[in-house]
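Source file: data.csv; contents: CSV, C-alpha atoms and all ligand atoms.
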chain,number,residue,atom,x,y,z
A,765,MET,CA,126.9,-52.8,41.2
A,766,LYS,CA,128.1,-53.4,44.8
A,767,GLN,CA,131.6,-53.3,43.5
A,768,LEU,CA,131.0,-49.8,42.2
A,769,ILE,CA,129.7,-48.7,45.6
A,770,ASP,CA,132.8,-50.3,47.2
A,771,LYS,CA,135.0,-48.4,44.8
A,772,LEU,CA,133.2,-45.1,45.5
A,773,LYS,CA,133.7,-45.8,49.2
A,774,THR,CA,137.4,-46.2,48.9
A,775,GLU,CA,138.4,-44.0,46.0
A,776,HIS,CA,135.7,-41.2,46.4
A,777,ARG,CA,135.3,-40.8,42.7
A,778,LEU,CA,133.8,-42.6,39.7
A,779,THR,CA,133.8,-42.0,36.0
A,780,LYS,CA,130.7,-40.5,34.3
A,781,GLU,CA,129.8,-43.8,32.8
A,782,GLU,CA,130.1,-45.5,36.3
A,783,TRP,CA,127.8,-42.8,37.8
A,784,ILE,CA,125.2,-43.4,35.1
A,785,THR,CA,125.4,-47.2,35.6
A,786,LEU,CA,125.0,-46.8,39.4
A,787,ILE,CA,122.1,-44.5,39.1
A,788,GLU,CA,120.2,-46.3,36.3
A,789,ASN,CA,120.6,-49.8,37.7
A,790,ARG,CA,119.7,-49.1,41.3
A,791,THR,CA,117.5,-51.6,43.1
A,792,PRO,CA,116.0,-51.5,46.7
A,793,GLU,CA,118.6,-54.1,47.7
A,794,LEU,CA,121.5,-52.1,46.3
A,795,ALA,CA,120.1,-49.0,48.0
A,796,ASP,CA,120.1,-50.8,51.4
A,797,TYR,CA,123.7,-51.8,50.8
A,798,LEU,CA,124.6,-48.2,50.0
A,799,PHE,CA,122.9,-46.9,53.1
A,800,VAL,CA,124.8,-49.3,55.4
A,801,GLN,CA,128.1,-48.0,53.9
A,802,ALA,CA,126.9,-44.4,54.1
A,803,ARG,CA,126.0,-44.7,57.7
A,804,GLU,CA,129.3,-46.3,58.6
A,805,ILE,CA,131.2,-43.3,57.1
A,806,ARG,CA,128.8,-40.8,58.7
A,807,HIS,CA,129.3,-42.4,62.1
A,808,LYS,CA,133.0,-42.4,61.7
A,809,TYR,CA,133.2,-38.6,61.3
A,810,TYR,CA,130.0,-37.3,62.9
A,811,GLY,CA,128.9,-40.1,65.2
A,812,ARG,CA,125.1,-40.0,65.7
A,813,ASP,CA,125.0,-36.2,66.1
A,814,VAL,CA,122.5,-34.2,64.1
A,815,TYR,CA,123.3,-30.6,63.6
A,816,ILE,CA,120.5,-28.1,63.4
A,817,ARG,CA,120.4,-24.8,61.5
A,818,GLY,CA,117.8,-22.1,62.2
A,819,LEU,CA,116.3,-21.1,58.9
A,820,ILE,CA,115.1,-17.5,58.6
A,821,GLU,CA,113.3,-16.8,55.4
A,822,PHE,CA,113.7,-13.1,55.5
A,823,THR,CA,112.3,-12.0,52.2
A,824,ASN,CA,110.2,-13.6,49.5
A,825,TYR,CA,110.7,-10.8,47.0
A,826,CYS,CA,112.7,-12.1,44.0
A,827,LYS,CA,113.9,-10.5,40.8
A,828,ASN,CA,114.3,-13.9,39.2
A,829,ASP,CA,111.8,-16.0,37.4
A,830,CYS,CA,112.9,-19.6,37.8
A,831,PHE,CA,110.4,-21.9,36.2
A,832,TYR,CA,110.1,-24.2,39.2
A,833,CYS,CA,110.0,-21.8,42.1
A,834,GLY,CA,106.9,-20.5,43.8
A,835,ILE,CA,108.4,-17.1,44.7
A,836,ARG,CA,109.4,-16.4,41.1
A,837,LYS,CA,108.7,-12.7,40.3
A,838,SER,CA,105.9,-13.4,37.9
A,839,ASN,CA,103.8,-15.2,40.5
A,840,GLY,CA,101.3,-12.4,41.3
A,841,ASN,CA,99.3,-14.7,43.7
A,842,ILE,CA,101.5,-14.6,46.8
A,843,PRO,CA,101.7,-11.8,49.2
A,844,ARG,CA,105.2,-10.5,49.3
A,845,TYR,CA,106.9,-9.8,52.6
A,846,ARG,CA,110.3,-8.8,54.0
A,847,LEU,CA,111.3,-9.0,57.6
A,848,ASP,CA,113.0,-5.9,59.1
A,849,GLU,CA,116.3,-6.1,61.0
A,850,ASP,CA,114.7,-6.1,64.5
A,851,THR,CA,112.4,-9.0,63.5
A,852,ILE,CA,115.3,-11.0,62.2
A,853,LEU,CA,117.3,-10.3,65.3
A,854,SER,CA,114.3,-11.5,67.5
A,855,CYS,CA,114.1,-14.7,65.4
A,856,CYS,CA,117.8,-15.3,66.2
A,857,ARG,CA,117.2,-14.6,69.9
A,858,SER,CA,114.5,-17.1,70.2
A,859,GLY,CA,116.5,-19.6,68.1
A,860,TYR,CA,119.5,-19.1,70.3
A,861,ASP,CA,117.5,-19.8,73.4
A,862,MET,CA,116.3,-23.0,71.9
A,863,GLY,CA,119.9,-24.1,71.2
A,864,PHE,CA,120.5,-23.0,67.6
A,865,ARG,CA,124.1,-21.9,66.9
A,866,THR,CA,123.8,-21.4,63.2
A,867,PHE,CA,121.4,-19.0,61.5
A,868,VAL,CA,120.6,-19.3,57.8
A,869,LEU,CA,119.4,-16.1,56.3
A,870,GLN,CA,117.6,-17.2,53.2
A,871,GLY,CA,115.7,-15.0,50.7
A,872,GLY,CA,114.9,-14.3,47.2
A,873,GLU,CA,117.1,-12.0,45.2
A,874,ASP,CA,115.6,-8.9,46.7
A,875,GLY,CA,116.9,-5.5,45.6
A,876,TYR,CA,115.8,-3.9,48.9
A,877,TYR,CA,118.5,-5.8,50.7
A,878,THR,CA,121.4,-3.9,49.3
A,879,ASP,CA,125.0,-4.8,50.3
A,880,GLU,CA,124.9,-2.0,52.8
A,881,ARG,CA,121.7,-3.4,54.5
A,882,MET,CA,123.1,-6.9,54.4
A,883,THR,CA,126.4,-6.1,56.0
A,884,HIS,CA,124.7,-4.0,58.7
A,885,LEU,CA,122.4,-7.0,59.4
A,886,ILE,CA,125.3,-9.5,59.4
A,887,HIS,CA,127.4,-7.3,61.7
A,888,ARG,CA,124.5,-6.9,64.1
A,889,ILE,CA,123.8,-10.7,64.3
A,890,LYS,CA,127.5,-11.4,64.7
A,891,THR,CA,127.9,-8.9,67.6
A,892,SER,CA,124.8,-10.1,69.3
A,893,PHE,CA,125.6,-13.9,68.9
A,894,PRO,CA,129.4,-14.1,68.7
A,895,ASP,CA,129.4,-17.9,69.2
A,896,CYS,CA,127.1,-18.5,66.2
A,897,ALA,CA,127.7,-19.1,62.6
A,898,ILE,CA,125.9,-17.1,59.9
A,899,THR,CA,125.0,-18.8,56.7
A,900,LEU,CA,123.7,-16.7,53.8
A,901,SER,CA,121.5,-18.1,51.0
A,902,ILE,CA,120.6,-15.1,48.9
A,903,GLY,CA,121.6,-16.1,45.4
A,904,GLU,CA,124.0,-14.9,42.8
A,905,LYS,CA,126.0,-11.7,43.6
A,906,PRO,CA,129.2,-10.0,42.3
A,907,TYR,CA,132.5,-11.2,43.8
A,908,ASP,CA,132.8,-7.9,45.8
A,909,SER,CA,129.4,-8.3,47.5
A,910,TYR,CA,130.3,-11.8,48.6
A,911,LEU,CA,133.6,-10.4,49.9
A,912,GLU,CA,131.8,-7.6,51.8
A,913,TYR,CA,129.4,-10.0,53.5
A,914,TYR,CA,132.3,-12.3,54.5
A,915,ASN,CA,134.2,-9.4,56.0
A,916,ALA,CA,131.1,-8.4,57.9
A,917,GLY,CA,131.0,-11.8,59.6
A,918,ALA,CA,129.2,-14.2,57.3
A,919,ASP,CA,130.8,-17.7,57.7
A,920,ARG,CA,128.9,-19.9,55.1
A,921,TYR,CA,127.0,-19.5,51.9
A,922,LEU,CA,124.5,-21.8,50.3
A,923,LEU,CA,124.0,-21.6,46.5
A,924,ARG,CA,122.7,-24.7,44.8
A,925,HIS,CA,124.1,-25.1,41.3
A,926,GLU,CA,120.7,-26.6,40.6
A,927,THR,CA,121.9,-28.6,37.6
A,928,PHE,CA,125.4,-28.7,36.0
A,929,ASN,CA,124.3,-29.3,32.5
A,930,GLU,CA,123.9,-26.0,30.6
A,931,THR,CA,121.1,-27.2,28.3
A,932,HIS,CA,119.2,-28.7,31.2
A,933,TYR,CA,119.8,-25.5,33.2
A,934,ARG,CA,118.2,-23.5,30.4
A,935,THR,CA,115.1,-25.6,30.5
A,936,LEU,CA,114.6,-24.7,34.2
A,937,HIS,CA,115.5,-21.0,34.0
A,938,PRO,CA,114.8,-17.9,32.0
A,939,PRO,CA,117.6,-17.0,29.4
A,940,GLN,CA,119.2,-14.3,31.7
A,941,LEU,CA,120.4,-17.1,34.0
A,942,SER,CA,123.2,-19.5,33.1
A,943,ALA,CA,124.7,-22.6,34.7
A,944,SER,CA,128.2,-21.2,34.1
A,945,ASN,CA,127.5,-18.0,36.0
A,946,ARG,CA,126.0,-19.9,38.9
A,947,GLN,CA,129.1,-22.2,39.0
A,948,GLN,CA,131.4,-19.2,38.9
A,949,CYS,CA,129.7,-17.8,42.0
A,950,LEU,CA,130.4,-21.0,43.8
A,951,TRP,CA,134.1,-20.9,42.9
A,952,ASN,CA,134.2,-17.3,44.1
A,953,LEU,CA,132.6,-18.1,47.4
A,954,LYS,CA,135.1,-20.9,48.0
A,955,GLU,CA,138.0,-18.6,47.1
A,956,ILE,CA,136.9,-15.9,49.5
A,957,GLY,CA,136.9,-18.5,52.3
A,958,TYR,CA,133.2,-19.3,52.9
A,959,GLN,CA,132.2,-22.8,54.0
A,960,THR,CA,130.4,-23.3,50.7
A,961,GLY,CA,127.3,-25.3,50.0
A,962,THR,CA,126.0,-26.4,46.6
A,963,GLY,CA,123.2,-28.8,45.6
A,964,PHE,CA,120.5,-29.7,43.1
A,965,MET,CA,116.9,-30.8,42.9
A,966,VAL,CA,116.3,-34.5,42.3
A,967,GLY,CA,113.7,-35.3,39.6
A,968,SER,CA,113.4,-31.8,38.2
A,969,PRO,CA,111.7,-31.7,34.8
A,970,HIS,CA,113.7,-33.2,31.9
A,971,GLN,CA,116.4,-34.5,34.3
A,972,THR,CA,118.3,-37.7,33.2
A,973,ALA,CA,120.7,-40.0,34.9
A,974,GLU,CA,123.4,-38.4,32.8
A,975,HIS,CA,122.6,-35.0,34.3
A,976,LEU,CA,122.8,-36.4,37.8
A,977,ALA,CA,126.2,-38.0,36.8
A,978,GLU,CA,127.4,-34.5,35.7
A,979,ASP,CA,126.2,-33.1,39.0
A,980,MET,CA,128.2,-35.6,40.9
A,981,LEU,CA,131.3,-34.9,38.8
A,982,PHE,CA,130.9,-31.1,39.4
A,983,ILE,CA,130.5,-31.6,43.1
A,984,GLU,CA,133.6,-33.9,43.2
A,985,LYS,CA,135.6,-31.1,41.5
A,986,LEU,CA,134.2,-28.3,43.7
A,987,GLN,CA,134.7,-30.2,47.0
A,988,PRO,CA,132.0,-28.1,48.8
A,989,HIS,CA,131.6,-28.2,52.6
A,990,MET,CA,127.8,-28.8,52.2
A,991,VAL,CA,125.5,-30.3,49.7
A,992,GLY,CA,121.7,-29.6,49.8
A,993,ILE,CA,119.5,-31.9,47.7
A,994,GLY,CA,115.8,-32.4,47.8
A,995,PRO,CA,113.1,-33.7,45.4
A,996,PHE,CA,111.6,-31.2,42.9
A,997,ILE,CA,108.0,-30.6,44.0
A,998,PRO,CA,105.7,-28.7,41.7
A,999,HIS,CA,104.2,-25.4,42.7
A,1000,HIS,CA,100.7,-24.7,41.3
A,1001,ASP,CA,101.6,-21.1,40.2
A,1002,THR,CA,104.6,-21.9,38.1
A,1003,VAL,CA,105.4,-23.1,34.6
A,1004,PHE,CA,106.0,-26.6,36.1
A,1005,ALA,CA,102.6,-26.8,37.9
A,1006,GLY,CA,101.7,-30.0,36.0
A,1007,GLU,CA,105.1,-31.8,36.2
A,1008,LYS,CA,105.8,-34.9,38.3
A,1009,ALA,CA,107.6,-34.5,41.6
A,1010,GLY,CA,111.0,-36.1,42.2
A,1011,THR,CA,110.9,-39.3,44.3
A,1012,LEU,CA,111.9,-40.0,47.9
A,1013,GLU,CA,113.6,-43.1,46.7
A,1014,LEU,CA,116.0,-41.4,44.2
A,1015,THR,CA,116.7,-38.6,46.7
A,1016,LEU,CA,117.7,-41.0,49.4
A,1017,TYR,CA,119.9,-42.9,47.0
A,1018,MET,CA,121.7,-39.7,45.9
A,1019,LEU,CA,122.2,-38.7,49.6
A,1020,GLY,CA,123.9,-42.1,50.2
A,1021,LEU,CA,126.1,-41.6,47.1
A,1022,LEU,CA,127.1,-38.1,48.2
A,1023,ARG,CA,128.1,-39.4,51.7
A,1024,LEU,CA,130.5,-41.9,50.1
A,1025,MET,CA,131.9,-39.4,47.6
A,1026,LEU,CA,132.5,-36.7,50.3
A,1027,PRO,CA,132.8,-38.5,53.6
A,1028,LYS,CA,133.0,-35.3,55.7
A,1029,VAL,CA,130.4,-33.2,53.9
A,1030,LEU,CA,127.5,-31.6,55.7
A,1031,LEU,CA,124.4,-33.1,54.3
A,1032,PRO,CA,121.0,-31.8,55.2
A,1033,ALA,CA,117.9,-33.9,55.2
A,1034,THR,CA,116.0,-31.1,53.6
A,1035,THR,CA,112.5,-29.6,54.1
A,1036,ALA,CA,111.5,-30.8,50.6
A,1037,LEU,CA,112.4,-34.4,51.6
A,1038,GLY,CA,110.3,-34.0,54.7
A,1039,THR,CA,107.5,-32.6,52.6
A,1040,ILE,CA,107.2,-35.5,50.1
A,1041,ASP,CA,107.1,-38.1,53.0
A,1042,THR,CA,106.2,-37.8,56.6
A,1043,HIS,CA,109.3,-39.7,57.6
A,1044,GLY,CA,111.5,-38.2,54.8
A,1045,ARG,CA,113.9,-36.4,57.2
A,1046,GLU,CA,114.5,-39.5,59.3
A,1047,LEU,CA,115.0,-41.6,56.2
A,1048,GLY,CA,117.4,-38.9,55.0
A,1049,ILE,CA,119.5,-39.2,58.2
A,1050,LEU,CA,119.5,-43.0,57.8
A,1051,ALA,CA,120.8,-42.6,54.2
A,1052,GLY,CA,123.8,-40.6,55.4
A,1053,ALA,CA,122.6,-37.0,56.1
A,1054,ASN,CA,123.7,-35.2,59.3
A,1055,VAL,CA,122.0,-31.8,59.3
A,1056,VAL,CA,118.4,-30.6,59.6
A,1057,MET,CA,117.2,-27.0,59.1
A,1058,PRO,CA,114.1,-26.2,61.1
A,1059,ASN,CA,112.3,-23.0,60.3
A,1060,LEU,CA,112.6,-20.0,62.7
A,1061,SER,CA,110.7,-17.5,60.5
A,1062,PRO,CA,107.7,-15.9,62.1
A,1063,ARG,CA,104.8,-18.3,61.7
A,1064,ASP,CA,102.6,-15.9,59.7
A,1065,ASN,CA,105.2,-15.4,57.0
A,1066,ARG,CA,106.0,-19.1,56.4
A,1067,LYS,CA,103.1,-19.9,54.2
A,1068,ASN,CA,104.2,-17.1,51.8
A,1069,TYR,CA,107.7,-18.5,51.5
A,1070,SER,CA,106.2,-21.1,49.2
A,1071,LEU,CA,108.9,-22.5,47.0
A,1072,TYR,CA,106.7,-25.5,46.3
A,1073,ASP,CA,103.3,-26.8,47.3
A,1074,ASN,CA,102.5,-28.2,50.8
A,1075,LYS,CA,105.8,-27.2,52.4
A,1076,ILE,CA,106.0,-28.5,55.9
A,1077,ALA,CA,105.9,-26.7,59.2
A,1078,THR,CA,103.9,-23.7,57.9
A,1079,GLY,CA,101.5,-23.8,60.9
A,1080,GLU,CA,103.8,-24.6,63.7
A,1081,GLU,CA,105.8,-22.6,66.3
A,1082,ALA,CA,109.6,-22.9,66.0
A,1083,ALA,CA,109.7,-24.5,69.4
A,1084,GLU,CA,107.1,-27.1,68.5
A,1085,GLY,CA,109.1,-27.9,65.4
A,1086,LYS,CA,112.3,-28.4,67.3
A,1087,ALA,CA,110.6,-30.6,70.0
A,1088,LYS,CA,109.1,-32.7,67.2
A,1089,LEU,CA,112.5,-33.0,65.5
A,1090,ILE,CA,114.2,-34.1,68.7
A,1091,ARG,CA,111.6,-36.9,69.0
A,1092,GLN,CA,112.0,-37.9,65.4
A,1093,MET,CA,115.7,-38.1,65.6
A,1094,GLU,CA,115.7,-40.0,69.0
A,1095,SER,CA,113.3,-42.5,67.5
A,1096,ILE,CA,116.0,-43.6,65.0
A,1097,GLY,CA,118.9,-43.4,67.5
A,1098,TYR,CA,120.3,-40.0,66.6
A,1099,HIS,CA,120.7,-36.9,68.8
A,1100,VAL,CA,120.2,-33.2,68.0
A,1101,VAL,CA,123.1,-31.2,69.3
A,1102,THR,CA,123.7,-27.6,70.3
A,1103,ALA,CA,126.8,-26.8,68.3
A,1104,ARG,CA,127.9,-24.6,65.4
A,1105,GLY,CA,128.5,-27.8,63.5
A,1106,ASP,CA,131.3,-26.6,61.3
A,1107,SER,CA,132.5,-28.7,58.4
A,1108,LEU,CA,135.4,-31.1,59.1
A,1109,MET,CA,136.6,-30.6,55.5
A,1110,ASP,CA,139.3,-28.0,56.4
A,1111,VAL,CA,140.6,-29.7,59.6
B,1,LIG,N1,110.8,-27.9,44.4
B,1,LIG,C1,111.9,-28.3,45.2
B,1,LIG,N2,112.9,-27.4,45.5
B,1,LIG,C2,112.7,-26.1,45.0
B,1,LIG,N3,113.5,-25.1,45.2
B,1,LIG,C3,113.0,-24.0,44.6
B,1,LIG,N4,111.8,-24.4,44.0
B,1,LIG,C4,111.6,-25.7,44.3
B,1,LIG,C5,110.6,-26.7,44.0
B,1,LIG,N5,109.6,-26.3,43.3
B,1,LIG,C6,114.9,-25.2,45.8
B,1,LIG,C7,116.0,-24.7,44.8
B,1,LIG,C8,116.6,-23.6,45.6
B,1,LIG,C9,116.2,-23.8,47.0
B,1,LIG,C10,116.2,-22.7,47.9
B,1,LIG,O1,114.9,-24.4,46.9
B,1,LIG,O2,116.9,-25.8,44.6
B,1,LIG,O3,118.0,-23.5,45.4

Any chance you could give the structure as structure tokens?
Amino acid sequence: MKQLIDKLKTEHRLTKEEWITLIENRTPELADYLFVQAREIRHKYYGRDVYIRGLIEFTNYCKNDCFYCGIRKSNGNIPRYRLDEDTILSCCRSGYDMGFRTFVLQGGEDGYYTDERMTHLIHRIKTSFPDCAITLSIGEKPYDSYLEYYNAGADRYLLRHETFNETHYRTLHPPQLSASNRQQCLWNLKEIGYQTGTGFMVGSPHQTAEHLAEDMLFIEKLQPHMVGIGPFIPHHDTVFAGEKAGTLELTLYMLGLLRLMLPKVLLPATTALGTIDTHGRELGILAGANVVMPNLSPRDNRKNYSLYDNKIATGEEAAEGKAKLIRQMESIGYHVVTARGDSLMDV
């Protein structure tokens, strides 16, 4: 097994069978070996810096009905909200003053936010904060919409492929959605010139080691700038309310493997990872991650952006969250930095 990890570290690719073997035969000892290698690579390219992104969850309206997601359209139990442009700008302002140089606009697929409203918003943020990067995370759109947002000043786009396998994809989503369309969106984003992020949930219902192997092969082919992964966590108002959550252990292992496959990738220790374990985000960094995305949304809206149960930081001020994060990172020997934190992939 260690030889497979060494091979991944030098060749940055494995066959499907090798991926399955490495995933199915993992042990705590092997994981520790992997994390040492992953940290070595991480330190080589990114030192001990941790990049921060200010996450602004600007709408929880969504036209989709994904079986796992708490803001799915058929969930009638959450109050819906959308932030207006001025509110979003003031989130950016307070974030900027705290040292954030990337703003991530994340939302459900909300018809109110037309291309016209999005480009207006992007343009306004870009003019107010010219030294900041804008990341969008607003789902599947036509090519021309992606192009318009890019021309308005958006720099990056996050769209997790969720799972590569078409059959598995269909067990997680209603029939209108397909893995192939999702993947096409990612190719389009890359072609337009976005720093593009994909990703998947770890331990989603019916997921097998083979599915994870296919995810790794897809990511190897896509060569994204960022990969966001986190454990699946059930939400009580969804189809998957009674399903088991993904584990901390497997998520950390996949993070380590991603770091070795894509040495320069931007790899967040996600909110979901911090939710299943109090030290999840620190452990994520120690497994090879180099990004954290604290929440800048207004406090009162946060509880309603409930993708899954018990999501962290719902009651805290953004500034408290950042102070806590700085302490957590310092405690493991890493430093939160004020920088855009662009991907090194294209340099
Ligand atoms: N558990 C974990 N992650 C989830 N997401 C949505 N619902 C859940 C859940 N129940 C993730 C999806 C999506 C991202 C914004 O949040 O992967 O792409």

Could you report the residues within 10 Å of ligand LIG 1 (chain B), using all atoms listed in the file, as an MDAnalysis selection string?
chainID A and resid 821 830:836 870:872 901:903 922:927 962:968 992:1000 1002 1004:1005 1009:1010 1034:1037 1039:1040 1070:1073 1075

Each segment 897-1014 of chain A residue no farther than 10 Å from segment 770-777 of chain A, nearest pair in Å, only C-alpha atoms, as a Markdown table:
| residue | atom | partner | partner_atom | distance |
| --- | --- | --- | --- | --- |
| A:Met980 | CA | A:Arg777 | CA | 9.0 |
| A:Leu981 | CA | A:Arg777 | CA | 8.1 |
| A:Glu984 | CA | A:Arg777 | CA | 7.1 |
| A:Lys985 | CA | A:Arg777 | CA | 9.8 |

Give the answer as one residue: which of A:Ala1077, A:Cys826, A:Ala1103, A:Leu1016 has the shortest atom-to-atom distance to Ala1053 of chain A, using all atoms listed in the file?
A:Leu1016

Just the residues within 10 Å of Asn929 of chain A, please, counting only C-alpha atoms, with nothing from its chain fewer than 5 positions along; format it as a list of chain:residue names.
A:Arg934, A:Ser942, A:Ala943, A:Ser944, A:Gln971, A:Glu974, A:His975, A:Leu976, A:Ala977, A:Glu978, A:Asp979, A:Phe982

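In this comparison, which uses all atoms listed in the file, the residue of A:Thr785, A:Thr1102, A:Ser1061, A:Gln940 approaching Asn824 of chain A most closely is A:Ser1061.
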
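Comparing A:Asp1001, A:Leu941, A:Met1057, A:Tyr845 by their smallest distance to Val868 of chain A, the closest is A:Met1057 (using all atoms listed in the file).
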
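For the pair atom CA of Tyr958 of chain A and atom CA of Ser1107 of chain A, the interatomic distance is 10.9 Å.
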
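A straight line drawn from atom CA of Asp848 of chain A to atom CA of Ala1033 of chain A is 28.7 Å long.
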
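Going from atom CA of Lys837 of chain A over to atom CA of Thr883 of chain A, you cover 24.6 Å.
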
Around the point (120.9, -45.5, 49.0) in the file's coordinates, collect all residues with an atom within 6 Å, using only C-alpha atoms, and return them as a ChimeraX atom specification.
/A:795-796,798-799,1016-1017,1020,1051

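Minimum atom-to-atom distances from A:Ser909, A:Ile1049, A:Asn1059, A:Leu1022 to Glu1094 of chain A were compared using all atoms listed in the file, and the lowest value belongs to A:Ile1049.
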
Spatial neighbours of segment 1025-1030 of chain A, max dist 6 Å, all atoms listed in the file, sep filter under 4 positions, as a PyMOL selection string
chain A and resi 776+989-990+1108-1109
